[in-house]
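What follows is a single structure, written as structure tokens, with notes after it.
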Amino acid sequence: MLTQLRDHHAAVVRWLDAHRNLCDAARPDYQALRHVRWQSAQASRKRMLFLAEVVFPFAERHAGLKAAAGLLTLRNETPGYGQILSAFIARWPMDVVIADTDGYARAADAYRREADKRLLAEERHLRTLIAEVEWRAGDAPVSTGPSASSPHPAPVRPQS
């Protein structure tokens with residue numbers, strides 16, 4: 001599950017990085033920017049669908065664990081996060097982007113920072129919850145993929 005979330009995050013980050021590069025260019029390629037904005041939205045939708053169908057239900061099933069609180073908070077904040085994204089897109093259609101490239105670049109930079117925070121929070125909270133679930137289950141694996149590559153491995157269960 002954590003590996004799948006990281007894959008979704010990697011896709012979003014690739015498009016956000018491409019977006020950043022286009023915004024930072026001396027003369028942006030507006031056709032490429034239009035494409036990157038669309039691809040970024042597609043990657044984000046896939047990530048949100050994965051969160052809604054897999055990650056948030058996992059957190060709900062383990063709502064009694066302290067570590068689930070972070071993911072459940074993110075789930076509850078998702079509609080507001082979506083409204084922020086929708087407002088950003090509505091404020092910056094391509095004709096306005098072209099008319100005010102510098103303003104768009106500043107606004108997009110602020111939006112990307114918020115997106116980066118959200119992605120980090122999603123992974124951190126899921127990693128923490130998986131670690132607690134595995135610890136309580138006697139270290140039975142819950143996640144798919146290599147969890148050993150995580151910079152924050154699951155805590156070692158004390159021996160009785």
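Going through the structure tokens in order, the chains are called A, B, and so on, while each chain numbers its residues from 1 and the ligands are numbered from 1 in the order shown.
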Near-Gln42 (chain A) list (12 Å; only C-alpha atoms; drop same-chain fewer than 6 positions) as a PyMOL selection string: chain A and resi 8+11-12+15-16+35-36+48-49
Counting only C-alpha atoms, the option among A:Ala99, A:Leu120, A:Ile89, A:Leu65 closest to Glu132 (chain A):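 Looking at the shortest contact to Glu132 (chain A), the residue is A:Leu65.
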Any idea what's packed within 12 Å of Thr101 (chain A), counting only C-alpha atoms, ignoring anything in its chain fewer than 2 positions away? Could you give it as a PDB file with C-alpha atoms, in the first residue's frame?
```
ATOM      1  CA  LEU A  22       8.145  25.648 -17.299  1.00  0.00           C
ATOM      2  CA  CYS A  23       7.142  28.445 -14.924  1.00  0.00           C
ATOM      3  CA  ASP A  24      10.798  29.251 -14.227  1.00  0.00           C
ATOM      4  CA  ALA A  25      11.709  29.440 -17.923  1.00  0.00           C
ATOM      5  CA  ALA A  26      12.581  32.857 -19.317  1.00  0.00           C
ATOM      6  CA  ARG A  27       9.908  32.338 -21.977  1.00  0.00           C
ATOM      7  CA  PRO A  28       7.397  29.634 -21.002  1.00  0.00           C
ATOM      8  CA  ASP A  29       6.164  27.171 -23.584  1.00  0.00           C
ATOM      9  CA  TYR A  30       2.441  27.660 -23.081  1.00  0.00           C
ATOM     10  CA  LEU A  33       2.409  24.207 -19.783  1.00  0.00           C
ATOM     11  CA  TRP A  92      -5.732  30.783 -13.654  1.00  0.00           C
ATOM     12  CA  PRO A  93      -7.195  29.614 -16.983  1.00  0.00           C
ATOM     13  CA  MET A  94      -4.582  29.592 -19.743  1.00  0.00           C
ATOM     14  CA  ASP A  95      -5.559  32.976 -21.192  1.00  0.00           C
ATOM     15  CA  VAL A  96      -4.950  34.592 -17.778  1.00  0.00           C
ATOM     16  CA  VAL A  97      -1.699  32.634 -17.366  1.00  0.00           C
ATOM     17  CA  ILE A  98      -0.481  34.022 -20.688  1.00  0.00           C
ATOM     18  CA  ALA A  99      -1.531  37.563 -19.742  1.00  0.00           C
ATOM     19  CA  GLY A 103       1.733  36.365 -11.318  1.00  0.00           C
ATOM     20  CA  TYR A 104       0.868  32.815 -12.287  1.00  0.00           C
ATOM     21  CA  ALA A 105       4.400  31.619 -11.561  1.00  0.00           C
ATOM     22  CA  ARG A 106       4.228  33.107  -8.039  1.00  0.00           C
ATOM     23  CA  ALA A 107       0.767  31.673  -7.371  1.00  0.00           C
ATOM     24  CA  ALA A 108       1.766  28.278  -8.781  1.00  0.00           C
TER      25      ALA A 108
END
```
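For the pair CA of Arg20 (chain A) and CA of Phe88 (chain A), the separation is 15.5 Å.
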Atom-to-atom span, CA of Asp109 (chain A) and CA of Arg91 (chain A), Å: 14.5 Å
Members of chain A assigned alpha helix (DSSP H) by DSSP, as a ChimeraX atom specification: /A:2-24,30-50,56-61,68-91,94-99,101-136
Selection: 9 Å around Leu71 (chain A), only C-alpha atoms, excl. self and same-chain fewer than 6 positions, as a list of chain:residue names: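 After dropping sequence-adjacent residues, the list is A:Val55, A:Phe56, A:Ala59, A:Glu60, A:Ala121, A:Glu122, A:His125, A:Leu126, A:Leu129.
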Preceding selection exported with all heavy atoms as a tab-separated table (two decimals), in the first residue's frame:
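Contents of part-v6.tsv, freshly written:
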```
chain	number	residue	atom	x	y	z
A	55	VAL	N	-6.49	3.82	0.93
A	55	VAL	CA	-5.80	4.33	2.12
A	55	VAL	C	-6.78	4.79	3.20
A	55	VAL	O	-6.66	4.40	4.36
A	55	VAL	CB	-4.83	5.47	1.74
A	55	VAL	CG1	-4.20	6.10	2.98
A	55	VAL	CG2	-3.74	4.94	0.80
A	56	PHE	N	-7.74	5.62	2.84
A	56	PHE	CA	-8.68	6.11	3.85
A	56	PHE	C	-9.53	5.00	4.45
A	56	PHE	O	-9.74	4.97	5.67
A	56	PHE	CB	-9.53	7.25	3.30
A	56	PHE	CG	-8.75	8.50	2.97
A	56	PHE	CD1	-9.17	9.36	1.99
A	56	PHE	CD2	-7.57	8.83	3.64
A	56	PHE	CE1	-8.47	10.51	1.68
A	56	PHE	CE2	-6.84	9.98	3.34
A	56	PHE	CZ	-7.29	10.82	2.35
A	59	ALA	N	-7.44	3.37	7.02
A	59	ALA	CA	-7.40	4.19	8.24
A	59	ALA	C	-8.70	4.05	9.03
A	59	ALA	O	-8.68	3.97	10.26
A	59	ALA	CB	-7.14	5.65	7.88
A	60	GLU	N	-9.82	4.00	8.33
A	60	GLU	CA	-11.11	3.84	9.01
A	60	GLU	C	-11.19	2.51	9.74
A	60	GLU	O	-11.69	2.44	10.86
A	60	GLU	CB	-12.25	3.96	8.01
A	60	GLU	CG	-12.45	5.37	7.48
A	60	GLU	CD	-13.40	5.43	6.29
A	60	GLU	OE1	-13.93	4.37	5.86
A	60	GLU	OE2	-13.59	6.55	5.77
A	121	ALA	N	2.63	14.67	4.09
A	121	ALA	CA	1.74	14.28	5.19
A	121	ALA	C	1.06	12.94	4.89
A	121	ALA	O	0.95	12.09	5.78
A	121	ALA	CB	0.69	15.37	5.43
A	122	GLU	N	0.61	12.74	3.66
A	122	GLU	CA	-0.03	11.47	3.31
A	122	GLU	C	0.91	10.30	3.56
A	122	GLU	O	0.54	9.31	4.20
A	122	GLU	CB	-0.46	11.49	1.84
A	122	GLU	CG	-1.60	12.41	1.54
A	122	GLU	CD	-1.84	12.62	0.06
A	122	GLU	OE1	-1.13	12.02	-0.78
A	122	GLU	OE2	-2.74	13.42	-0.27
A	125	HIS	N	1.80	9.84	7.44
A	125	HIS	CA	0.71	9.27	8.23
A	125	HIS	C	0.44	7.81	7.86
A	125	HIS	O	0.18	6.99	8.74
A	125	HIS	CB	-0.56	10.10	8.08
A	125	HIS	CG	-0.48	11.45	8.71
A	125	HIS	ND1	-0.09	11.64	10.02
A	125	HIS	CD2	-0.72	12.68	8.20
A	125	HIS	CE1	-0.11	12.93	10.30
A	125	HIS	NE2	-0.48	13.58	9.21
A	126	LEU	N	0.52	7.48	6.57
A	126	LEU	CA	0.30	6.08	6.19
A	126	LEU	C	1.43	5.21	6.73
A	126	LEU	O	1.19	4.12	7.26
A	126	LEU	CB	0.19	5.92	4.68
A	126	LEU	CG	-0.02	4.48	4.19
A	126	LEU	CD1	-1.26	3.85	4.82
A	126	LEU	CD2	-0.09	4.44	2.67
A	129	LEU	N	0.85	4.64	10.41
A	129	LEU	CA	-0.25	3.72	10.68
A	129	LEU	C	0.13	2.29	10.34
A	129	LEU	O	-0.15	1.37	11.12
A	129	LEU	CB	-1.51	4.14	9.92
A	129	LEU	CG	-2.73	3.22	10.11
A	129	LEU	CD1	-3.10	3.09	11.58
A	129	LEU	CD2	-3.90	3.73	9.29
```
Straight-line distance linking CA of Leu85 (chain A) with CA of Tyr111 (chain A), stated in Å to one decimal: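 The value is 8.2 Å.
By only C-alpha atoms, and with residues fewer than 6 positions from Phe50 (chain A) along its chain excluded, the set lying at most 12 Å from it is Met1, Leu2, Thr3, Gln4, Leu5, Arg6, Asp7, His8, His9, Ala43, Ser44, Phe56, Pro57, Phe58, Arg75 and Glu122 of chain A.
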Those residues with N, CA and C atoms, as an mmCIF file, in the first residue's frame please?
```
data_model
loop_
_atom_site.group_PDB
_atom_site.id
_atom_site.type_symbol
_atom_site.label_atom_id
_atom_site.label_comp_id
_atom_site.auth_asym_id
_atom_site.auth_seq_id
_atom_site.Cartn_x
_atom_site.Cartn_y
_atom_site.Cartn_z
ATOM 1 N N MET A 1 0.824 -1.184 0.000
ATOM 2 C CA MET A 1 0.000 0.000 0.000
ATOM 3 C C MET A 1 0.877 1.261 0.000
ATOM 4 N N LEU A 2 1.904 1.239 0.843
ATOM 5 C CA LEU A 2 2.808 2.384 0.916
ATOM 6 C C LEU A 2 3.559 2.556 -0.399
ATOM 7 N N THR A 3 3.968 1.457 -0.992
ATOM 8 C CA THR A 3 4.662 1.519 -2.277
ATOM 9 C C THR A 3 3.751 2.105 -3.348
ATOM 10 N N GLN A 4 2.502 1.706 -3.347
ATOM 11 C CA GLN A 4 1.561 2.232 -4.330
ATOM 12 C C GLN A 4 1.347 3.735 -4.127
ATOM 13 N N LEU A 5 1.228 4.159 -2.882
ATOM 14 C CA LEU A 5 1.068 5.585 -2.621
ATOM 15 C C LEU A 5 2.303 6.350 -3.091
ATOM 16 N N ARG A 6 3.475 5.796 -2.814
ATOM 17 C CA ARG A 6 4.707 6.444 -3.270
ATOM 18 C C ARG A 6 4.757 6.540 -4.789
ATOM 19 N N ASP A 7 4.258 5.515 -5.473
ATOM 20 C CA ASP A 7 4.205 5.564 -6.940
ATOM 21 C C ASP A 7 3.295 6.698 -7.411
ATOM 22 N N HIS A 8 2.152 6.837 -6.760
ATOM 23 C CA HIS A 8 1.246 7.946 -7.107
ATOM 24 C C HIS A 8 1.914 9.294 -6.829
ATOM 25 N N HIS A 9 2.573 9.378 -5.698
ATOM 26 C CA HIS A 9 3.273 10.624 -5.352
ATOM 27 C C HIS A 9 4.359 10.937 -6.370
ATOM 28 N N ALA A 43 -2.735 12.888 -12.751
ATOM 29 C CA ALA A 43 -1.969 12.148 -11.744
ATOM 30 C C ALA A 43 -2.551 12.392 -10.350
ATOM 31 N N SER A 44 -2.958 13.606 -10.100
ATOM 32 C CA SER A 44 -3.548 13.935 -8.802
ATOM 33 C C SER A 44 -4.889 13.228 -8.611
ATOM 34 N N PHE A 56 -7.742 5.616 2.835
ATOM 35 C CA PHE A 56 -8.676 6.112 3.848
ATOM 36 C C PHE A 56 -9.526 4.996 4.446
ATOM 37 N N PRO A 57 -10.012 4.020 3.652
ATOM 38 C CA PRO A 57 -10.722 2.892 4.271
ATOM 39 C C PRO A 57 -9.823 2.092 5.224
ATOM 40 N N PHE A 58 -8.548 1.945 4.887
ATOM 41 C CA PHE A 58 -7.599 1.281 5.784
ATOM 42 C C PHE A 58 -7.524 2.041 7.108
ATOM 43 N N ARG A 75 -8.326 12.894 5.327
ATOM 44 C CA ARG A 75 -9.565 12.528 4.627
ATOM 45 C C ARG A 75 -10.618 13.612 4.820
ATOM 46 N N GLU A 122 0.612 12.742 3.662
ATOM 47 C CA GLU A 122 -0.035 11.473 3.314
ATOM 48 C C GLU A 122 0.906 10.302 3.562
#
```
Residue nearest Asp17 (chain A) - candidates A:Gln39, A:Arg136, A:Val54, A:Ala69, atoms counted: only C-alpha atoms: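 Ranked by minimum distance to Asp17 (chain A), first place goes to A:Gln39.
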